[in-house]
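K.L.:
I'd like to ask you about the structure that follows.
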Amino acid sequence: MARQLMWIIWPGFFMAIPAVGVVFSLFDPEDLHFFGSPVEISHMGVYTLGFLLIWAFGAGCSAMTCLLQRTPPEINRGIDGTPDS
Amino acid sequence: MVDTVQPIHFHPKGPGDEQPLYEIRKKIYPRAVSGWFAGWRLTLVVATQLAFYGTAWLEWNGRQALLFDLVSRKFYIFGLVLWPQDFIYLTALLVISALSLFLFTAVAGRLWCGYACPQTVYTEIFMWIERVVEGDRVRRMRLDGELLSVRKLGLKAAKHGLWIALALWTGFTFVGYFTPIRQLAGEAATFSLGPWESFWVLFYGFATYGNAGWMREQVCKYMCPYARFQSAMFDPDTMVITYDRQRGEPRGGRGRHADARALGLGDCVDCGICVQVCPTGIDIRKGLQYECIGCAACVDGCNQVMKKMGYAPGLIRYSTENAVAKGWNFAQMVRRMLRPRVLIYTVILAVVILAAGAALLVRVPLKVDVIRDRASLAREVDDGQIENLYRLQVVNTEEIAHRFNISVSGSDDLKHLKIISESQPIEIGPVSARSIMVRVRAEPEHDRSGSERIFFTVKAADDEKHMLRETLSVTEKSVFFIPGHGR
Ligand code: SF4
Ligand code: SF4
């Protein structure tokens, strides 16, 4: 379980670093609008939230991979009680 | 804090056996080692950390020498100021780093891991603290096996206290590269750090503490992508930590003065030192494994044993697969270093470095963007002249103020082309940008409509010819729109 959690959290973190780098070299937080009104938090805040948001999406992506990677026996176990082999 | 780690029981692992993460992981108690490589590792730990903790405090031109100022979106790198427009240089830097990594790896394996990777370096520092507080390997193992006592609690508290202090200092320094560190220090001293800065100090500090204090070799084994594709970068001529099987086997204990050959033994006395010193807990005698971070602790450890036994050093050494298999000496091995793969990496690397360096040298510290004002269309003013409106974004990236003159030129079809507006020259402060509205008037030669190409030239009025570049001047093109008749 712990290892799965790491598979989910870690790659997202790793990729979020270059991703925020690229995103915020292209977009100035100054120009950002949130539902039509300018964002009112500090630049540092925008970068931080952007980072966390991208990280969350990355983690979501990894979680999907983990889910889809499970083999049929792994998924069926628990339904009909077949032991894991 | 109670450590729930079990005393180690040695049960040999089969090849390819992986230890599960965290909970059931067998704690590794690396034994401290001294020797040639350990000396180098220490030197690099000290050097990289002096650079990391120290550089943030350096000053240049009255400002922080190395500052990635996120708020004003400018990167100060000693004499250089990069703007978001200079993104290409950061890309080049990334390409250079990646290529160097490939090159070093192809030549001498995971040098990065063993000597420079923050994971190794912080683990090394944290283990040093641990050693100072809790004692050597045997004492640490005994301490962890003991029942909780005041002494144990005190030692653990001292260790974690020191670890946390160092981790926070590291987090603070990290943030200090993105927010001016002196200002940050002032805020920290009065407990008035901003919420986001506090978040990052704690976050980075926590990551340091967790990675270097608790997770250690597991980061390399389970989290590091580099370790996973090392086999793609290695070839039989790559220098890696190698156990000389031919010389060592069959292994076995013996008295110091016993004649190993007569006993039918190789040089390995099977003392297990190489396993004990290994920070990732592997046995290098099983051959190259992806867990090996190339720290050479086992080389130092084994060499000490060889010396004690009166044998030649180098039973475990930096060598290549080919060299060990074919019994090459060092010179023969090094000759194979210049193979196509290495040469190609080197050439590409050199080209990228030269190109980036040249681009930086001739870089004009002035940027101009011409934006046609879309809101107001071209209009006809008195005496048949046409007027267009432009917005010029002028960025002075030098750390001195400049005065600039703006001029306009175009084809001969536009008579009396001139700028009216804004008294010239305009002054732009050091490392700053200004947006200037410019009205351009002209009289079309023929009675025609359509668009004509024009050029804006922004030229410093106070700049001399430099050694490496011309006078500070940038020309940007735009279009001059001539509306049709009957408008
Ligand atoms: S340290 Fe050297 S002699 Fe001792 S077990 Fe390892 S390889 Fe053999
Ligand atoms: S096998 Fe040797 S070089 Fe590799 S990680 Fe262990 S001690 Fe370091």
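How things are named: the first chain in the structure tokens is A, the next is B, and so on; residues count from 1 in each chain; ligands count from 1 in the order shown.
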Once you count only C-alpha atoms and all ligand atoms, which residues end up within 8 Å of ligand 2, and could you hand them over as a ChimeraX atom specification?

P.N.:
/B:114,241,274-275,277-284,288-289,291-299

K.L.:
Write the residues of the selection above to a file with N, CA, C and O atoms, as a PDB file, in the first residue's frame.

P.N.:
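What follows is the written file out_28.pdb:
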ATOM      1  N   GLY B 114      26.790   8.964  -6.321  1.00  0.00           N
ATOM      2  CA  GLY B 114      27.721   8.714  -5.232  1.00  0.00           C
ATOM      3  C   GLY B 114      28.258   9.977  -4.586  1.00  0.00           C
ATOM      4  O   GLY B 114      28.590   9.980  -3.407  1.00  0.00           O
ATOM      5  N   ILE B 241      31.599   0.157 -10.132  1.00  0.00           N
ATOM      6  CA  ILE B 241      32.176  -0.549  -8.995  1.00  0.00           C
ATOM      7  C   ILE B 241      32.055  -2.045  -9.283  1.00  0.00           C
ATOM      8  O   ILE B 241      30.965  -2.555  -9.515  1.00  0.00           O
ATOM      9  N   CYS B 274      32.271  -5.291   2.981  1.00  0.00           N
ATOM     10  CA  CYS B 274      31.703  -4.581   1.840  1.00  0.00           C
ATOM     11  C   CYS B 274      30.183  -4.466   1.947  1.00  0.00           C
ATOM     12  O   CYS B 274      29.600  -3.486   1.496  1.00  0.00           O
ATOM     13  N   VAL B 275      29.558  -5.443   2.560  1.00  0.00           N
ATOM     14  CA  VAL B 275      28.104  -5.384   2.735  1.00  0.00           C
ATOM     15  C   VAL B 275      27.755  -4.426   3.871  1.00  0.00           C
ATOM     16  O   VAL B 275      26.808  -3.654   3.778  1.00  0.00           O
ATOM     17  N   VAL B 277      29.320  -1.763   4.922  1.00  0.00           N
ATOM     18  CA  VAL B 277      29.511  -0.338   4.662  1.00  0.00           C
ATOM     19  C   VAL B 277      28.516   0.185   3.623  1.00  0.00           C
ATOM     20  O   VAL B 277      28.345   1.386   3.478  1.00  0.00           O
ATOM     21  N   CYS B 278      27.865  -0.737   2.912  1.00  0.00           N
ATOM     22  CA  CYS B 278      27.051  -0.288   1.783  1.00  0.00           C
ATOM     23  C   CYS B 278      25.788   0.429   2.251  1.00  0.00           C
ATOM     24  O   CYS B 278      24.978  -0.133   2.980  1.00  0.00           O
ATOM     25  N   PRO B 279      25.617   1.692   1.825  1.00  0.00           N
ATOM     26  CA  PRO B 279      24.443   2.431   2.280  1.00  0.00           C
ATOM     27  C   PRO B 279      23.139   1.859   1.728  1.00  0.00           C
ATOM     28  O   PRO B 279      22.079   2.120   2.280  1.00  0.00           O
ATOM     29  N   THR B 280      23.202   1.089   0.630  1.00  0.00           N
ATOM     30  CA  THR B 280      21.954   0.534   0.123  1.00  0.00           C
ATOM     31  C   THR B 280      21.819  -0.936   0.507  1.00  0.00           C
ATOM     32  O   THR B 280      20.885  -1.604   0.079  1.00  0.00           O
ATOM     33  N   GLY B 281      22.761  -1.418   1.266  1.00  0.00           N
ATOM     34  CA  GLY B 281      22.629  -2.757   1.829  1.00  0.00           C
ATOM     35  C   GLY B 281      22.756  -3.908   0.850  1.00  0.00           C
ATOM     36  O   GLY B 281      22.205  -4.978   1.069  1.00  0.00           O
ATOM     37  N   ILE B 282      23.479  -3.709  -0.247  1.00  0.00           N
ATOM     38  CA  ILE B 282      23.608  -4.812  -1.199  1.00  0.00           C
ATOM     39  C   ILE B 282      24.981  -5.462  -1.090  1.00  0.00           C
ATOM     40  O   ILE B 282      25.887  -4.935  -0.449  1.00  0.00           O
ATOM     41  N   ASP B 283      25.100  -6.590  -1.719  1.00  0.00           N
ATOM     42  CA  ASP B 283      26.358  -7.310  -1.753  1.00  0.00           C
ATOM     43  C   ASP B 283      26.916  -7.188  -3.175  1.00  0.00           C
ATOM     44  O   ASP B 283      26.421  -7.829  -4.097  1.00  0.00           O
ATOM     45  N   ILE B 284      27.927  -6.353  -3.321  1.00  0.00           N
ATOM     46  CA  ILE B 284      28.452  -6.062  -4.655  1.00  0.00           C
ATOM     47  C   ILE B 284      29.071  -7.307  -5.282  1.00  0.00           C
ATOM     48  O   ILE B 284      29.249  -7.397  -6.492  1.00  0.00           O
ATOM     49  N   LEU B 288      26.937  -6.298 -10.633  1.00  0.00           N
ATOM     50  CA  LEU B 288      26.352  -4.969 -10.701  1.00  0.00           C
ATOM     51  C   LEU B 288      24.841  -5.049 -10.500  1.00  0.00           C
ATOM     52  O   LEU B 288      24.165  -5.836 -11.150  1.00  0.00           O
ATOM     53  N   GLN B 289      24.343  -4.234  -9.595  1.00  0.00           N
ATOM     54  CA  GLN B 289      22.904  -4.188  -9.346  1.00  0.00           C
ATOM     55  C   GLN B 289      22.438  -2.754  -9.439  1.00  0.00           C
ATOM     56  O   GLN B 289      23.205  -1.837  -9.156  1.00  0.00           O
ATOM     57  N   GLU B 291      20.689  -1.139  -7.537  1.00  0.00           N
ATOM     58  CA  GLU B 291      20.678  -0.452  -6.248  1.00  0.00           C
ATOM     59  C   GLU B 291      22.009   0.246  -5.957  1.00  0.00           C
ATOM     60  O   GLU B 291      22.076   1.119  -5.094  1.00  0.00           O
ATOM     61  N   CYS B 292      23.066  -0.178  -6.628  1.00  0.00           N
ATOM     62  CA  CYS B 292      24.389   0.364  -6.312  1.00  0.00           C
ATOM     63  C   CYS B 292      24.474   1.818  -6.752  1.00  0.00           C
ATOM     64  O   CYS B 292      24.309   2.126  -7.922  1.00  0.00           O
ATOM     65  N   ILE B 293      24.715   2.724  -5.800  1.00  0.00           N
ATOM     66  CA  ILE B 293      24.779   4.141  -6.151  1.00  0.00           C
ATOM     67  C   ILE B 293      26.205   4.577  -6.474  1.00  0.00           C
ATOM     68  O   ILE B 293      26.485   5.758  -6.629  1.00  0.00           O
ATOM     69  N   GLY B 294      27.103   3.626  -6.568  1.00  0.00           N
ATOM     70  CA  GLY B 294      28.469   3.954  -6.972  1.00  0.00           C
ATOM     71  C   GLY B 294      29.217   4.816  -5.971  1.00  0.00           C
ATOM     72  O   GLY B 294      30.044   5.638  -6.350  1.00  0.00           O
ATOM     73  N   CYS B 295      28.950   4.608  -4.675  1.00  0.00           N
ATOM     74  CA  CYS B 295      29.562   5.485  -3.676  1.00  0.00           C
ATOM     75  C   CYS B 295      30.981   5.044  -3.344  1.00  0.00           C
ATOM     76  O   CYS B 295      31.721   5.770  -2.703  1.00  0.00           O
ATOM     77  N   ALA B 296      31.340   3.851  -3.742  1.00  0.00           N
ATOM     78  CA  ALA B 296      32.699   3.332  -3.539  1.00  0.00           C
ATOM     79  C   ALA B 296      33.059   3.086  -2.076  1.00  0.00           C
ATOM     80  O   ALA B 296      34.215   2.883  -1.741  1.00  0.00           O
ATOM     81  N   ALA B 297      32.054   3.091  -1.209  1.00  0.00           N
ATOM     82  CA  ALA B 297      32.329   2.770   0.200  1.00  0.00           C
ATOM     83  C   ALA B 297      32.881   1.353   0.316  1.00  0.00           C
ATOM     84  O   ALA B 297      33.777   1.088   1.113  1.00  0.00           O
ATOM     85  N   CYS B 298      32.364   0.445  -0.502  1.00  0.00           N
ATOM     86  CA  CYS B 298      32.836  -0.942  -0.431  1.00  0.00           C
ATOM     87  C   CYS B 298      34.278  -1.052  -0.927  1.00  0.00           C
ATOM     88  O   CYS B 298      35.024  -1.910  -0.472  1.00  0.00           O
ATOM     89  N   VAL B 299      34.659  -0.154  -1.854  1.00  0.00           N
ATOM     90  CA  VAL B 299      36.044  -0.169  -2.337  1.00  0.00           C
ATOM     91  C   VAL B 299      36.990   0.184  -1.195  1.00  0.00           C
ATOM     92  O   VAL B 299      37.953  -0.540  -0.916  1.00  0.00           O
TER      93      VAL B 299
END

K.L.:
Find the residues around Gly12 of chain A up to 10 Å (only C-alpha atoms counted), leave out those fewer than 5 positions away in its own chain, and share them as a short mmCIF file (atom, residue, chain, number, x, y, z; two decimals) with N, CA and C atoms, in the first residue's frame.

P.N.:
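As written to disk, result.cif reads:
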data_model
loop_
_atom_site.label_atom_id
_atom_site.label_comp_id
_atom_site.auth_asym_id
_atom_site.auth_seq_id
_atom_site.Cartn_x
_atom_site.Cartn_y
_atom_site.Cartn_z
N MET A 6 3.29 5.79 -2.96
CA MET A 6 4.47 6.47 -3.48
C MET A 6 4.43 6.53 -5.00
N TRP A 7 3.98 5.44 -5.62
CA TRP A 7 3.88 5.44 -7.08
C TRP A 7 2.93 6.52 -7.55
N ILE A 17 7.46 19.85 -11.18
CA ILE A 17 8.53 20.84 -11.11
C ILE A 17 8.80 21.47 -12.50
N ALA A 19 6.83 21.29 -14.99
CA ALA A 19 5.57 21.82 -15.51
C ALA A 19 5.31 23.24 -15.01
N LEU A 52 0.78 22.94 -6.63
CA LEU A 52 -0.01 21.91 -5.96
C LEU A 52 -1.09 21.36 -6.90
N ILE A 54 -1.00 21.24 -10.24
CA ILE A 54 -0.39 20.38 -11.25
C ILE A 54 0.02 19.05 -10.63
N TRP A 55 0.52 19.14 -9.42
CA TRP A 55 0.91 17.92 -8.71
C TRP A 55 -0.30 17.01 -8.52
N ALA A 56 -1.41 17.61 -8.11
CA ALA A 56 -2.62 16.83 -7.88
C ALA A 56 -3.05 16.13 -9.17
N PHE A 57 -2.98 16.86 -10.27
CA PHE A 57 -3.36 16.23 -11.54
C PHE A 57 -2.40 15.10 -11.90
N GLY A 58 -1.11 15.35 -11.67
CA GLY A 58 -0.12 14.32 -11.95
C GLY A 58 -0.39 13.08 -11.11
N ALA A 59 -0.72 13.31 -9.84
CA ALA A 59 -1.00 12.19 -8.95
C ALA A 59 -2.24 11.44 -9.45
N GLY A 60 -3.23 12.21 -9.90
CA GLY A 60 -4.44 11.59 -10.44
C GLY A 60 -4.10 10.69 -11.61
N CYS A 61 -3.22 11.18 -12.44
CA CYS A 61 -2.79 10.42 -13.62
C CYS A 61 -2.12 9.12 -13.19
N SER A 62 -1.23 9.20 -12.21
CA SER A 62 -0.54 8.00 -11.74
C SER A 62 -1.53 7.04 -11.08
N ALA A 63 -2.51 7.59 -10.39
CA ALA A 63 -3.49 6.74 -9.72
C ALA A 63 -4.26 5.92 -10.76
#

K.L.:
Compile the contact shell of Ile426 of chain B as a list in words: residues with an atom at most 10 Å away, counting only C-alpha atoms, same-chain residues fewer than 6 positions apart removed.

P.N.:
His402, Arg403, Phe404, Asn405, Ile406, Arg434, Ile436, Ala460 and Ala461 of chain B

K.L.:
For N, CA and C atoms, I'd like the residues from the last selection saved as a compact mmCIF listing (two decimals), in the first residue's frame.

P.N.:
# COMPACT_ATOMS: atom_id res chain seq x y z
N HIS B 402 18.86 53.59 -19.11
CA HIS B 402 19.24 54.04 -20.44
C HIS B 402 18.20 55.01 -20.95
N ARG B 403 18.66 55.87 -21.87
CA ARG B 403 17.70 56.73 -22.58
C ARG B 403 17.66 56.25 -24.01
N PHE B 404 16.45 56.10 -24.52
CA PHE B 404 16.31 55.53 -25.86
C PHE B 404 15.59 56.49 -26.81
N ASN B 405 16.00 56.44 -28.05
CA ASN B 405 15.29 57.15 -29.11
C ASN B 405 14.55 56.12 -29.97
N ILE B 406 13.33 56.47 -30.33
CA ILE B 406 12.57 55.57 -31.19
C ILE B 406 12.44 56.22 -32.56
N ARG B 434 9.00 49.33 -20.06
CA ARG B 434 8.02 50.39 -20.17
C ARG B 434 7.20 50.17 -21.42
N ILE B 436 5.09 52.03 -24.26
CA ILE B 436 5.03 53.39 -24.81
C ILE B 436 4.04 53.43 -25.98
N ALA B 460 19.70 53.24 -28.06
CA ALA B 460 20.13 53.95 -26.86
C ALA B 460 20.83 55.24 -27.25
N ALA B 461 20.47 56.33 -26.58
CA ALA B 461 21.09 57.61 -26.89
C ALA B 461 22.36 57.80 -26.09

K.L.:
Residues of chain A were defined as contacting chain B if any atom lay at most 6 Å from it, counting only C-alpha atoms; please report them as a ChimeraX atom specification.

P.N.:
/A:3,25,43,45

K.L.:
Neighbours of Trp163 of chain B within 8 Å (only C-alpha atoms; same-chain residues fewer than 4 positions away dropped), as a PyMOL selection string?

P.N.:
chain B and resi 126+129+159+167+209+213

K.L.:
Could you please take those selected residues and save all heavy atoms as a PDB file, in the first residue's frame?

P.N.:
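Generated output (part.pdb):
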ATOM      1  N   PHE B 126      23.219  13.654   7.504  1.00  0.00           N
ATOM      2  CA  PHE B 126      22.339  13.163   8.572  1.00  0.00           C
ATOM      3  C   PHE B 126      22.952  11.950   9.274  1.00  0.00           C
ATOM      4  O   PHE B 126      22.818  11.796  10.484  1.00  0.00           O
ATOM      5  CB  PHE B 126      20.958  12.816   7.989  1.00  0.00           C
ATOM      6  CG  PHE B 126      20.022  14.000   7.935  1.00  0.00           C
ATOM      7  CD1 PHE B 126      20.410  15.189   7.335  1.00  0.00           C
ATOM      8  CD2 PHE B 126      18.758  13.935   8.497  1.00  0.00           C
ATOM      9  CE1 PHE B 126      19.560  16.279   7.291  1.00  0.00           C
ATOM     10  CE2 PHE B 126      17.896  15.029   8.464  1.00  0.00           C
ATOM     11  CZ  PHE B 126      18.292  16.193   7.858  1.00  0.00           C
ATOM     12  N   ILE B 129      25.545  13.168  11.694  1.00  0.00           N
ATOM     13  CA  ILE B 129      24.921  13.623  12.944  1.00  0.00           C
ATOM     14  C   ILE B 129      24.543  12.422  13.806  1.00  0.00           C
ATOM     15  O   ILE B 129      24.805  12.375  15.007  1.00  0.00           O
ATOM     16  CB  ILE B 129      23.673  14.486  12.648  1.00  0.00           C
ATOM     17  CG1 ILE B 129      24.080  15.793  11.976  1.00  0.00           C
ATOM     18  CG2 ILE B 129      22.877  14.753  13.926  1.00  0.00           C
ATOM     19  CD1 ILE B 129      22.926  16.684  11.603  1.00  0.00           C
ATOM     20  N   LYS B 159      19.150  13.690  18.444  1.00  0.00           N
ATOM     21  CA  LYS B 159      19.376  13.421  17.025  1.00  0.00           C
ATOM     22  C   LYS B 159      18.288  14.085  16.174  1.00  0.00           C
ATOM     23  O   LYS B 159      18.583  14.805  15.224  1.00  0.00           O
ATOM     24  CB  LYS B 159      19.379  11.913  16.779  1.00  0.00           C
ATOM     25  CG  LYS B 159      19.529  11.544  15.319  1.00  0.00           C
ATOM     26  CD  LYS B 159      19.584  10.043  15.113  1.00  0.00           C
ATOM     27  CE  LYS B 159      18.188   9.471  14.997  1.00  0.00           C
ATOM     28  NZ  LYS B 159      18.209   8.033  14.613  1.00  0.00           N
ATOM     29  N   ALA B 167      17.283  20.588   8.758  1.00  0.00           N
ATOM     30  CA  ALA B 167      16.283  20.516   7.690  1.00  0.00           C
ATOM     31  C   ALA B 167      15.610  21.880   7.502  1.00  0.00           C
ATOM     32  O   ALA B 167      15.403  22.336   6.376  1.00  0.00           O
ATOM     33  CB  ALA B 167      15.252  19.443   8.009  1.00  0.00           C
ATOM     34  N   TYR B 209      14.195  16.254   5.853  1.00  0.00           N
ATOM     35  CA  TYR B 209      14.203  15.429   7.062  1.00  0.00           C
ATOM     36  C   TYR B 209      13.736  14.005   6.748  1.00  0.00           C
ATOM     37  O   TYR B 209      14.374  13.026   7.132  1.00  0.00           O
ATOM     38  CB  TYR B 209      13.291  16.099   8.093  1.00  0.00           C
ATOM     39  CG  TYR B 209      12.989  15.279   9.323  1.00  0.00           C
ATOM     40  CD1 TYR B 209      13.964  15.089  10.304  1.00  0.00           C
ATOM     41  CD2 TYR B 209      11.734  14.712   9.518  1.00  0.00           C
ATOM     42  CE1 TYR B 209      13.687  14.343  11.444  1.00  0.00           C
ATOM     43  CE2 TYR B 209      11.452  13.972  10.662  1.00  0.00           C
ATOM     44  CZ  TYR B 209      12.426  13.789  11.612  1.00  0.00           C
ATOM     45  OH  TYR B 209      12.148  13.051  12.732  1.00  0.00           O
ATOM     46  N   GLY B 213      16.697  11.495   6.693  1.00  0.00           N
ATOM     47  CA  GLY B 213      16.670  10.886   8.003  1.00  0.00           C
ATOM     48  C   GLY B 213      16.037   9.503   7.979  1.00  0.00           C
ATOM     49  O   GLY B 213      16.538   8.573   8.601  1.00  0.00           O
TER      50      GLY B 213
END

K.L.:
Kindly assemble as a Markdown table a list of the chain B residues that lie within 9 Å of ligand 1, each paired with its nearest atom pair and their distance in Å to one decimal, using only C-alpha atoms and all ligand atoms, sorted first by chain and then by ascending residue number.

P.N.:
| residue | atom | partner | partner_atom_place_in_ligand_line | distance |
| --- | --- | --- | --- | --- |
| B:Tyr243 | CA | ligand 1 | 7 (S) | 6.8 |
| B:Asp244 | CA | ligand 1 | 7 (S) | 8.5 |
| B:Gly248 | CA | ligand 1 | 8 (Fe) | 7.0 |
| B:Glu249 | CA | ligand 1 | 8 (Fe) | 9.0 |
| B:Arg251 | CA | ligand 1 | 8 (Fe) | 7.0 |
| B:Gly252 | CA | ligand 1 | 8 (Fe) | 8.3 |
| B:Asp267 | CA | ligand 1 | 3 (S) | 6.7 |
| B:Cys268 | CA | ligand 1 | 8 (Fe) | 3.8 |
| B:Val269 | CA | ligand 1 | 3 (S) | 4.4 |
| B:Asp270 | CA | ligand 1 | 5 (S) | 3.7 |
| B:Cys271 | CA | ligand 1 | 4 (Fe) | 4.1 |
| B:Gly272 | CA | ligand 1 | 5 (S) | 3.9 |
| B:Ile273 | CA | ligand 1 | 1 (S) | 4.3 |
| B:Cys274 | CA | ligand 1 | 1 (S) | 4.1 |
| B:Val275 | CA | ligand 1 | 6 (Fe) | 6.6 |
| B:Gln276 | CA | ligand 1 | 1 (S) | 8.7 |
| B:Val277 | CA | ligand 1 | 1 (S) | 8.9 |
| B:Asp283 | CA | ligand 1 | 6 (Fe) | 8.0 |
| B:Ile284 | CA | ligand 1 | 7 (S) | 7.9 |
| B:Arg285 | CA | ligand 1 | 7 (S) | 6.6 |
| B:Cys298 | CA | ligand 1 | 1 (S) | 6.6 |
| B:Val299 | CA | ligand 1 | 1 (S) | 7.8 |
| B:Asp300 | CA | ligand 1 | 1 (S) | 8.7 |
| B:Gly301 | CA | ligand 1 | 1 (S) | 5.8 |
| B:Cys302 | CA | ligand 1 | 1 (S) | 3.7 |
| B:Asn303 | CA | ligand 1 | 2 (Fe) | 7.0 |
| B:Gln304 | CA | ligand 1 | 1 (S) | 8.1 |
| B:Val305 | CA | ligand 1 | 3 (S) | 6.1 |
| B:Met306 | CA | ligand 1 | 3 (S) | 6.7 |
| B:Gly314 | CA | ligand 1 | 2 (Fe) | 8.9 |
| B:Leu315 | CA | ligand 1 | 7 (S) | 6.4 |
| B:Ile316 | CA | ligand 1 | 7 (S) | 6.3 |

K.L.:
Which neighbours of Trp40 of chain B fall inside 8 Å, counting only C-alpha atoms, when residues of the same chain fewer than 4 positions from it are skipped, and could you give them as a compact mmCIF listing (two decimals) with all heavy atoms, in the first residue's frame?

P.N.:
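As written to disk, around-v4.txt reads:
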# COMPACT_ATOMS: atom_id res chain seq x y z
N TRP B 36 40.30 6.57 0.41
CA TRP B 36 40.48 7.54 -0.65
C TRP B 36 39.14 8.08 -1.16
O TRP B 36 38.91 9.28 -1.24
CB TRP B 36 41.24 6.88 -1.79
CG TRP B 36 41.83 7.84 -2.75
CD1 TRP B 36 42.96 8.58 -2.57
CD2 TRP B 36 41.30 8.18 -4.03
NE1 TRP B 36 43.17 9.35 -3.68
CE2 TRP B 36 42.19 9.12 -4.59
CE3 TRP B 36 40.20 7.78 -4.77
CZ2 TRP B 36 41.99 9.67 -5.85
CZ3 TRP B 36 39.99 8.33 -6.02
CH2 TRP B 36 40.88 9.27 -6.55
N LEU B 44 33.29 16.54 -1.47
CA LEU B 44 32.17 17.00 -2.31
C LEU B 44 30.96 17.38 -1.48
O LEU B 44 30.24 18.32 -1.82
CB LEU B 44 31.83 15.94 -3.35
CG LEU B 44 32.68 16.19 -4.57
CD1 LEU B 44 33.10 14.93 -5.25
CD2 LEU B 44 31.96 17.12 -5.53
N TYR B 115 28.35 11.06 -5.35
CA TYR B 115 29.07 12.21 -4.83
C TYR B 115 28.30 13.52 -4.79
O TYR B 115 28.60 14.40 -4.00
CB TYR B 115 30.36 12.43 -5.63
CG TYR B 115 31.26 11.24 -5.59
CD1 TYR B 115 31.21 10.28 -6.58
CD2 TYR B 115 32.13 11.06 -4.52
CE1 TYR B 115 32.03 9.17 -6.53
CE2 TYR B 115 32.93 9.95 -4.46
CZ TYR B 115 32.89 9.01 -5.46
OH TYR B 115 33.67 7.91 -5.39

K.L.:
Pull the strand (DSSP E) assignments for segment 46-294 of chain B out of DSSP run on the backbone, and list those residues as a PyMOL selection string.

P.N.:
chain B and resi 59-60+63-64+66-69+74-77+80-82+240-243

K.L.:
Would you write out those residues with N, CA and C atoms, as a short mmCIF file (atom, residue, chain, number, x, y, z; two decimals), in the first residue's frame?

P.N.:
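The file below, out.cif, is the result:
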data_model
loop_
_atom_site.label_atom_id
_atom_site.label_comp_id
_atom_site.auth_asym_id
_atom_site.auth_seq_id
_atom_site.Cartn_x
_atom_site.Cartn_y
_atom_site.Cartn_z
N GLU B 59 26.49 38.81 -2.50
CA GLU B 59 25.91 40.01 -3.09
C GLU B 59 26.61 40.34 -4.40
N TRP B 60 25.90 41.01 -5.26
CA TRP B 60 26.45 41.40 -6.56
C TRP B 60 25.72 42.66 -6.97
N ARG B 63 22.77 43.68 -4.97
CA ARG B 63 21.59 42.82 -4.81
C ARG B 63 22.08 41.39 -4.64
N GLN B 64 21.17 40.49 -4.36
CA GLN B 64 21.55 39.09 -4.18
C GLN B 64 22.14 38.54 -5.48
N LEU B 66 22.59 35.44 -6.65
CA LEU B 66 21.84 34.38 -7.34
C LEU B 66 20.43 34.39 -6.78
N LEU B 67 19.51 34.90 -7.57
CA LEU B 67 18.14 35.03 -7.09
C LEU B 67 17.17 34.76 -8.22
N PHE B 68 16.30 33.80 -8.01
CA PHE B 68 15.25 33.54 -8.99
C PHE B 68 14.02 34.25 -8.48
N ASP B 69 13.99 35.54 -8.77
CA ASP B 69 12.94 36.37 -8.21
C ASP B 69 11.62 36.05 -8.89
N LYS B 74 12.13 37.74 -12.61
CA LYS B 74 13.46 37.97 -13.18
C LYS B 74 14.43 37.04 -12.49
N PHE B 75 15.32 36.47 -13.27
CA PHE B 75 16.34 35.61 -12.68
C PHE B 75 17.66 36.37 -12.68
N TYR B 76 18.22 36.57 -11.50
CA TYR B 76 19.52 37.23 -11.39
C TYR B 76 20.57 36.15 -11.21
N ILE B 77 21.47 36.05 -12.17
CA ILE B 77 22.54 35.07 -12.05
C ILE B 77 23.85 35.82 -12.17
N LEU B 80 24.22 38.51 -14.79
CA LEU B 80 23.23 38.29 -15.84
C LEU B 80 21.82 38.41 -15.27
N VAL B 81 20.93 39.03 -16.05
CA VAL B 81 19.54 39.07 -15.63
C VAL B 81 18.70 38.43 -16.73
N LEU B 82 17.99 37.40 -16.38
CA LEU B 82 17.17 36.73 -17.39
C LEU B 82 15.70 37.05 -17.15
N VAL B 240 32.45 1.01 -13.55
CA VAL B 240 31.53 0.87 -12.43
C VAL B 240 32.25 0.17 -11.29
N ILE B 241 31.60 0.16 -10.13
CA ILE B 241 32.18 -0.55 -9.00
C ILE B 241 32.06 -2.04 -9.28
N THR B 242 33.20 -2.70 -9.32
CA THR B 242 33.19 -4.10 -9.71
C THR B 242 33.97 -4.96 -8.72
N TYR B 243 33.44 -6.11 -8.46
CA TYR B 243 34.13 -7.09 -7.63
C TYR B 243 34.86 -8.04 -8.59
#

K.L.:
Ala323 of chain B: which residues within 6 Å, counting only C-alpha atoms, same-chain residues fewer than 4 positions away excluded, as a VMD selection string?

P.N.:
chain B and resid 327 to 328 333

K.L.:
Identify, on the basis of only C-alpha atoms, every residue whose closest approach to Gln49 of chain B does not exceed 12 Å; exclude the query and any residue fewer than 5 positions from it along the same chain; express the result as a ChimeraX atom specification.

P.N.:
/B:42-44,54-56,115-118,120-122,124-125,166,169-170,173-174

K.L.:
Can you work out the spacing between atom CA of Arg441 of chain B and atom CA of Lys418 of chain B in Å, to one decimal?

P.N.:
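Going from atom CA of Arg441 of chain B over to atom CA of Lys418 of chain B, I get 5.5 Å.
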
K.L.:
Choose the residue, out of B:Leu360, B:Ala51, B:Val175, B:Cys113, that has the smallest atom-to-atom separation from Cys220 of chain B; count only C-alpha atoms.

P.N.:
B:Cys113

K.L.:
Please identify which residues in chain A DSSP calls helix (DSSP H, G or I) from the backbone, and express them as a ChimeraX atom specification.

P.N.:
/A:2-26,29-31,43-69,72-76
